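> Provided herewith is a single structure, encoded as structure tokens, for subsequent inquiry.
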Amino acid sequence: MVESGDPVVDVVEDPVVASQYLKQASAASAAAASTAVADTVAGVIAEVRSRGDAAVREYSEEFDRWTPETFLLSPERIEEIVAGVPDLVIDDIKTVQANVRRFAELQRESLRNFEIETSPGVFLGQRNIPISAVGAYIPGGRYPLVASAHMTVVTAKVAGVPSVTACTPPIRGEIPAATVAAMHHAGADQIYVLGGVQAIAAMAIGTETIHPVDMLAGPGNAYVAEAKRQLFGTVGIDLFAGPTETLIVADGDADPFIVAVDLLSQAEHGPDSPAILITSSEQVARAAIEHIDRLLPEMPTRDFAEPAWRDHGQVIVVPDTEAAYALADTFASEHVQILTAEPRRALEAMTNFGALFLGEGTCVSYGDKVIGTNHTLPTRGAARYTGGLWVGKYLKTVTYQEVTDQDASAALGELCGRAARVEFFEGHARSGDVRVAKYAGTTLPWAPDQYRVAVSTTLLAQTRGSSAAHSTTTEARKEDL
């Protein structure tokens with residue numbers, strides 16, 4: 001039940017449950033990129049496509065005031081930069097990357113190659129093949145987002161990607177040393193100090209000095225996100241990213257001060273980052289709002305957190321915890337934090353989220369920075385149909401087939417011919433027909449001069465012997481998977 005307190009500010013009927021909004025968003029959630037952003041991005045991509053390095057250099061000067069002799073860091077330069085990073089920072093980078101690597105390794109182990117003989121002489125298999133070349137974008141510009149190097153590069157390397165090109169922008173005209181160190185220790189094969197749309201386009205399209213990749217991964221601002229959208233198809237991408245989102249489900253046992261701190265921790269990502277509280281306790285809701293009002297003016301990042309909370313923050317009171325889970329599921333939020341007496345109940349009650357953070361002992365910031373799960377997650381409701389970046393995103397799950405028994409191929413050919421003709425695919429049908437004729441000795445109505453001689457007894461015996469020999473080597477073949 002809703003706990004008593006001051007009169008509610010507003011009452012709105014929600015499509016899932018009757019909900020009392022103590023605070024509603026005053027601005028619409030961020031939608032797709034504006035026409036101006038899309039046009040600017042399209043122009044940069046076109047110039048990079050036509051003029052290569054010259055265009056990359058011009059846009060780097062225009063947007064970042066950055067035109068070094070080369071954007072690529074040599075091994076010697078990387079070593080020099082990393083040597084200047086404090087030992088404790090390096091130790092922390094290695095610790096976090098070990099966490100990310102271990103979780104990614106467990107994900108990789110959950111994916112297996114297999115082969116099965118579905119019927120005598122019919123072999124079907126699956127293999128997980130790493131993407132050959134990946135471009136990892138590590139945002140910067142204002143703050144060095146070191147953790148993005150762990151999430152993109154380490155995970156790609158665990159997947160077995162042979163070549164990872166990593167790009168990060170300069171920060172106020174300087175090389176972000178900690179970010180470079182993180183990219184280096186994560187295993188990046190090439191490191192460029194290059195940012196923005198020009199970096200995304202260069203990696204996707206390729207230039208005279210930057211080899212094209214097959215997939216792009218990593219977060220970024222609206223321009224970077226739009227560049228990935230426009231280049232999708234030319235390359236693969238991890239996700240269509242939007243502003244960071246957080247949602248907390250809380251009951252009457254939740255600590256409202258922690259609720260407030262955790263909401264603001266995510267609001268600081270940007271001025272359009274939604275921070276939402278859904279709770280069965282009006283007392284917790286009101287106390288959390290009061291704490292936010294006190295904390296926000298003194299936050300060093302209030303220039304982002306304040307408009308995010310003002311324009312996109314919501315506080316919703318619902319009848320009970322089950323109603324809270326139901327309502328939270330309709331948001332399909334990137335991050336969902338559960339501050340209830342039985343937080344693991346959310347694992348069964350909820351299905352739409354990028355990542356769950358269960359109980360007071362964890363928080364979204366742990367996931368963002370250190371704990372080991374990946375922080376590149378679906379936004380803008382995409383959690384309804386996809387999860388976030390994981391080792392599987394860097395793998396191509398492919399299948400193969402082999403038919404070694406001619407009787408089996410003939411039987412499949414008969415079935416294929418009938419199935420294809422139902423769909424009026426005569427060419428497909430004939431691919432089946434020809435194998436029936438060759439292996440079973442039938443006549444082709446549409447090519448009667450072919451395969452008129454029945455298959456000899458000797459050939460059939462050879463075929464069956466070959467199939468038996470093939471079966472005896474199945475285990476050896478599986479070792480190659």
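If you're wondering about the labels, chains in the structure tokens are A, B, ... by order shown, residues count from 1 in each chain, ligands from 1 in order shown.
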With only C-alpha atoms as the counted atoms, please give the residues lying no more than 9 Å from Thr152 in chain A, apart from itself and same-chain residues fewer than 2 positions off, as a list in words.
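The neighbour list is Gly135, Ala136, Tyr137, Ile138, Ala147, Ser148, Ala149, His150, Val154, Thr155, Ala156, Lys157, Ala186, Ala217, Gly218, Asn374, Thr376, Leu389 and Trp390 of chain A.
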> Restricting it to N, CA and C atoms, dump the selection as a compact mmCIF listing (two decimals), in the first residue's frame.

```txt
# COMPACT_ATOMS: atom_id res chain seq x y z
N GLY A 135 36.27 -1.31 -34.87
CA GLY A 135 36.63 0.05 -34.47
C GLY A 135 35.97 0.38 -33.15
N ALA A 136 36.76 0.69 -32.13
CA ALA A 136 36.24 1.03 -30.80
C ALA A 136 36.36 2.53 -30.59
N TYR A 137 35.23 3.18 -30.33
CA TYR A 137 35.25 4.62 -30.07
C TYR A 137 35.14 4.86 -28.57
N ILE A 138 36.13 5.56 -28.03
CA ILE A 138 36.17 5.87 -26.60
C ILE A 138 35.92 7.36 -26.45
N ALA A 147 36.51 4.06 -18.80
CA ALA A 147 35.83 2.77 -18.69
C ALA A 147 35.35 2.25 -20.04
N SER A 148 35.07 3.14 -20.99
CA SER A 148 34.60 2.67 -22.29
C SER A 148 35.66 1.86 -23.02
N ALA A 149 36.93 2.10 -22.71
CA ALA A 149 37.99 1.28 -23.31
C ALA A 149 37.90 -0.16 -22.81
N HIS A 150 37.61 -0.32 -21.53
CA HIS A 150 37.48 -1.68 -20.99
C HIS A 150 36.33 -2.41 -21.69
N VAL A 154 38.44 -4.70 -24.44
CA VAL A 154 38.66 -5.97 -23.74
C VAL A 154 37.67 -7.02 -24.24
N THR A 155 36.41 -6.65 -24.36
CA THR A 155 35.38 -7.61 -24.77
C THR A 155 35.65 -8.11 -26.19
N ALA A 156 36.07 -7.22 -27.07
CA ALA A 156 36.39 -7.63 -28.44
C ALA A 156 37.55 -8.62 -28.45
N LYS A 157 38.55 -8.35 -27.66
CA LYS A 157 39.72 -9.23 -27.63
C LYS A 157 39.38 -10.60 -27.05
N ALA A 186 44.05 -2.81 -22.61
CA ALA A 186 42.91 -3.62 -23.06
C ALA A 186 43.28 -4.47 -24.27
N ALA A 217 31.96 0.01 -32.40
CA ALA A 217 31.41 -0.16 -31.07
C ALA A 217 31.81 1.02 -30.20
N GLY A 218 30.98 1.31 -29.21
CA GLY A 218 31.30 2.37 -28.26
C GLY A 218 30.29 3.49 -28.29
N ASN A 374 29.14 -5.29 -18.83
CA ASN A 374 29.38 -4.25 -19.83
C ASN A 374 28.44 -3.07 -19.64
N THR A 376 27.81 -0.73 -21.99
CA THR A 376 27.20 -0.27 -23.25
C THR A 376 25.87 -0.99 -23.40
N LEU A 389 25.97 -4.54 -25.17
CA LEU A 389 27.20 -5.05 -25.77
C LEU A 389 27.73 -6.21 -24.92
N TRP A 390 28.09 -7.29 -25.61
CA TRP A 390 28.66 -8.45 -24.93
C TRP A 390 29.56 -9.16 -25.91
```
> Determine the nearest neighbour of Ala408 in chain A from the options A:Leu327, A:Val391, A:Val436, A:Leu73, counting only C-alpha atoms.
A:Val436
> Range 366-397 of chain A near range 250-268 of chain A within 12 Å: what's each residue's closest atom pair and its distance in Å to one decimal, counting only C-alpha atoms, ordered by chain then ascending residue number, as a Markdown table?

```
| residue | atom | partner | partner_atom | distance |
| --- | --- | --- | --- | --- |
| A:Tyr366 | CA | A:Asp262 | CA | 10.9 |
| A:Gly367 | CA | A:Gln266 | CA | 11.5 |
| A:Asp368 | CA | A:Gln266 | CA | 9.6 |
```
> Counting only C-alpha atoms, what is within 8 Å of range 35-43 of chain A, bar same-chain residues fewer than 5 positions away, as a ChimeraX atom specification?
/A:197,222-223,226-227,230
> Got a sec: who's within 12 Å of Pro307 in chain A, counting only C-alpha atoms, leaving out chain neighbours fewer than 6 positions off, as a list of chain:residue names?
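The residues satisfying every condition are A:Ala25, A:Ser26, A:Ala27, A:Leu264, A:Ala267, A:Glu268, A:His269, A:Gly270, A:Pro271, A:Asp272, A:Ser273, A:Pro274, A:Ala275, A:Leu296, A:Pro297, A:Thr301, A:Gly313.
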> Which neighbours of Val434 in chain A fall inside 12 Å, counting only C-alpha atoms, when residues of the same chain fewer than 4 positions from it are skipped, and could you give them as a list of chain:residue names?
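Contacts, with the query itself left out: A:Gln406, A:Ser409, A:Ala410, A:Ala411, A:Leu412, A:Gly413, A:Glu414, A:Cys416, A:Gly417, A:Gly427, A:His428, A:Ala429, A:Arg430, A:Lys438, A:Tyr439, A:Ala440, A:Gly441, A:Thr442, A:Thr443, A:Leu444, A:Pro445, A:Trp446, A:Ala447, A:Pro448, A:Asp449, A:Gln450, A:Tyr451, A:Arg452.
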> May I have the selected residues written with C-alpha atoms, as a JSON list (two decimals), in the first residue's frame?

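The resulting file, out_9.json, is shown below:
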```json
[["chain", "number", "residue", "atom", "x", "y", "z"],
["A", 406, "GLN", "CA", 23.85, -40.24, -51.65],
["A", 409, "SER", "CA", 20.82, -36.50, -50.65],
["A", 410, "ALA", "CA", 18.34, -38.12, -53.03],
["A", 411, "ALA", "CA", 15.65, -38.15, -50.33],
["A", 412, "LEU", "CA", 16.34, -34.49, -49.51],
["A", 413, "GLY", "CA", 16.21, -33.71, -53.23],
["A", 414, "GLU", "CA", 12.73, -35.17, -53.55],
["A", 416, "CYS", "CA", 13.23, -30.00, -51.82],
["A", 417, "GLY", "CA", 11.62, -30.36, -55.23],
["A", 427, "GLY", "CA", 15.27, -23.31, -60.03],
["A", 428, "HIS", "CA", 15.42, -24.42, -56.41],
["A", 429, "ALA", "CA", 13.38, -27.50, -57.26],
["A", 430, "ARG", "CA", 15.77, -28.47, -60.04],
["A", 438, "LYS", "CA", 22.21, -38.63, -60.26],
["A", 439, "TYR", "CA", 22.10, -40.55, -56.99],
["A", 440, "ALA", "CA", 18.85, -42.56, -57.37],
["A", 441, "GLY", "CA", 18.90, -43.11, -61.12],
["A", 442, "THR", "CA", 15.63, -41.33, -61.97],
["A", 443, "THR", "CA", 14.95, -39.36, -65.15],
["A", 444, "LEU", "CA", 14.88, -35.59, -65.23],
["A", 445, "PRO", "CA", 11.67, -34.53, -67.04],
["A", 446, "TRP", "CA", 13.20, -31.14, -67.84],
["A", 447, "ALA", "CA", 16.57, -32.64, -69.00],
["A", 448, "PRO", "CA", 15.89, -36.26, -70.03],
["A", 449, "ASP", "CA", 19.31, -36.76, -71.62],
["A", 450, "GLN", "CA", 21.08, -36.27, -68.31],
["A", 451, "TYR", "CA", 21.73, -39.15, -65.87],
["A", 452, "ARG", "CA", 19.83, -41.75, -67.94]]
```
> As a PyMOL selection string, please: all residues of range 66-310 of chain A that backbone DSSP puts in strand (DSSP E or B).
chain A and resi 72+114-119+122-130+133-137+163-168+171+174+190-193+215-217+232+235-237+246-250+275-279
